[in-house]
Amino acid sequence: MQATHIMHELTNLKQRSRSITEYAGEVKKLYRDLHYHHPFEPVHKDDLAIHHVWFESFVSKLFLEA
């Protein structure tokens, strides 16, 4: 439930009148919170690296769209 709420915040976050530093800080906080509330359980030793590449590119895309 908490991870879903954080994901909703991340996908709807906009820079608006915040400085780029404030906005990036909020994205980083939500990113950390999401990892905490929705931990990834790798099955294979390569899964974690693949997950990080996908997730970081996803968050980067959200950051650039704002």
# chains A, B, ... in the order shown; residues from 1 in each chain; ligands from 1
$ residues_around --residues "stretch 29-46 of chain A" --least-positions-apart "4" --cutoff "10 Å" --atoms "only C-alpha atoms" --output "list in words"
Met1, Gln2, Ala3, Thr4, His5, Ile6, Met7, Glu9, Leu10, Leu13, Tyr23, Ala24, Gly25, Ile50, His51, His52, Phe55, Glu56 and Val59 of chain A
$ select_by_dssp --residues "chain A" --states "alpha helix (DSSP H)" --output "number ranges by chain"
A: 2-12, 20-37, 47-65
$ closest_residue --among "A:Asp47, A:Lys28, A:Phe63, A:Ser57" --to "A:Lys14" --atoms "only C-alpha atoms"
A:Phe63
$ atom_distance --atom1 "atom CA of A:Lys61" --atom2 "atom CA of A:Gln15"
13.5 Å
$ decode --residues "chain A" --atoms "C-alpha atoms" --output "PDB file, in the first residue's frame"
ATOM      1  CA  MET A   1       0.000   0.000   0.000  1.00  0.00           C
ATOM      2  CA  GLN A   2       2.743   2.472   0.944  1.00  0.00           C
ATOM      3  CA  ALA A   3       4.769   1.615  -2.175  1.00  0.00           C
ATOM      4  CA  THR A   4       1.719   2.300  -4.356  1.00  0.00           C
ATOM      5  CA  HIS A   5       1.236   5.697  -2.716  1.00  0.00           C
ATOM      6  CA  ILE A   6       4.911   6.600  -3.214  1.00  0.00           C
ATOM      7  CA  MET A   7       4.805   5.468  -6.846  1.00  0.00           C
ATOM      8  CA  HIS A   8       1.745   7.689  -7.372  1.00  0.00           C
ATOM      9  CA  GLU A   9       3.620  10.642  -5.858  1.00  0.00           C
ATOM     10  CA  LEU A  10       6.648   9.958  -8.053  1.00  0.00           C
ATOM     11  CA  THR A  11       4.649   9.752 -11.273  1.00  0.00           C
ATOM     12  CA  ASN A  12       2.717  12.946 -10.490  1.00  0.00           C
ATOM     13  CA  LEU A  13       5.602  15.019  -9.115  1.00  0.00           C
ATOM     14  CA  LYS A  14       6.272  18.280 -10.956  1.00  0.00           C
ATOM     15  CA  GLN A  15       9.002  20.859 -10.460  1.00  0.00           C
ATOM     16  CA  ARG A  16       6.646  23.856 -10.615  1.00  0.00           C
ATOM     17  CA  SER A  17       8.228  26.771  -8.727  1.00  0.00           C
ATOM     18  CA  ARG A  18      10.809  24.689  -6.862  1.00  0.00           C
ATOM     19  CA  SER A  19      14.481  25.034  -7.629  1.00  0.00           C
ATOM     20  CA  ILE A  20      16.074  22.134  -9.472  1.00  0.00           C
ATOM     21  CA  THR A  21      17.918  21.230  -6.258  1.00  0.00           C
ATOM     22  CA  GLU A  22      14.684  21.066  -4.252  1.00  0.00           C
ATOM     23  CA  TYR A  23      12.949  19.077  -6.975  1.00  0.00           C
ATOM     24  CA  ALA A  24      15.852  16.613  -7.335  1.00  0.00           C
ATOM     25  CA  GLY A  25      15.925  16.205  -3.551  1.00  0.00           C
ATOM     26  CA  GLU A  26      12.228  15.301  -3.508  1.00  0.00           C
ATOM     27  CA  VAL A  27      12.710  12.771  -6.332  1.00  0.00           C
ATOM     28  CA  LYS A  28      15.651  11.247  -4.472  1.00  0.00           C
ATOM     29  CA  LYS A  29      13.656  11.021  -1.225  1.00  0.00           C
ATOM     30  CA  LEU A  30      10.725   9.310  -2.947  1.00  0.00           C
ATOM     31  CA  TYR A  31      13.146   6.959  -4.739  1.00  0.00           C
ATOM     32  CA  ARG A  32      14.700   5.928  -1.404  1.00  0.00           C
ATOM     33  CA  ASP A  33      11.284   5.575   0.241  1.00  0.00           C
ATOM     34  CA  LEU A  34      10.067   3.359  -2.592  1.00  0.00           C
ATOM     35  CA  HIS A  35      13.078   1.071  -2.259  1.00  0.00           C
ATOM     36  CA  TYR A  36      12.477   0.845   1.487  1.00  0.00           C
ATOM     37  CA  HIS A  37       8.760   0.032   1.230  1.00  0.00           C
ATOM     38  CA  HIS A  38       9.006  -2.187  -1.823  1.00  0.00           C
ATOM     39  CA  PRO A  39      12.243  -4.156  -1.503  1.00  0.00           C
ATOM     40  CA  PHE A  40      13.310  -6.197  -4.490  1.00  0.00           C
ATOM     41  CA  GLU A  41      13.966  -9.885  -3.889  1.00  0.00           C
ATOM     42  CA  PRO A  42      16.317 -11.181  -6.608  1.00  0.00           C
ATOM     43  CA  VAL A  43      15.950 -14.783  -7.705  1.00  0.00           C
ATOM     44  CA  HIS A  44      19.082 -14.911  -9.846  1.00  0.00           C
ATOM     45  CA  LYS A  45      22.375 -13.169  -9.081  1.00  0.00           C
ATOM     46  CA  ASP A  46      21.965 -10.870 -12.127  1.00  0.00           C
ATOM     47  CA  ASP A  47      18.418  -9.790 -11.212  1.00  0.00           C
ATOM     48  CA  LEU A  48      19.456  -6.988  -8.879  1.00  0.00           C
ATOM     49  CA  ALA A  49      21.671  -5.289 -11.472  1.00  0.00           C
ATOM     50  CA  ILE A  50      18.931  -5.548 -14.104  1.00  0.00           C
ATOM     51  CA  HIS A  51      16.366  -4.124 -11.668  1.00  0.00           C
ATOM     52  CA  HIS A  52      18.578  -1.145 -10.799  1.00  0.00           C
ATOM     53  CA  VAL A  53      19.185  -0.294 -14.449  1.00  0.00           C
ATOM     54  CA  TRP A  54      15.455  -0.409 -15.193  1.00  0.00           C
ATOM     55  CA  PHE A  55      14.396   1.489 -12.076  1.00  0.00           C
ATOM     56  CA  GLU A  56      17.014   4.222 -12.389  1.00  0.00           C
ATOM     57  CA  SER A  57      16.076   4.845 -16.019  1.00  0.00           C
ATOM     58  CA  PHE A  58      12.393   4.985 -14.995  1.00  0.00           C
ATOM     59  CA  VAL A  59      13.048   7.583 -12.288  1.00  0.00           C
ATOM     60  CA  SER A  60      15.317   9.565 -14.643  1.00  0.00           C
ATOM     61  CA  LYS A  61      12.528   9.687 -17.212  1.00  0.00           C
ATOM     62  CA  LEU A  62      10.077  10.973 -14.590  1.00  0.00           C
ATOM     63  CA  PHE A  63      12.589  13.591 -13.473  1.00  0.00           C
ATOM     64  CA  LEU A  64      13.133  14.880 -17.009  1.00  0.00           C
ATOM     65  CA  GLU A  65       9.424  14.999 -17.837  1.00  0.00           C
ATOM     66  CA  ALA A  66       8.681  17.478 -15.060  1.00  0.00           C
TER      67      ALA A  66
END
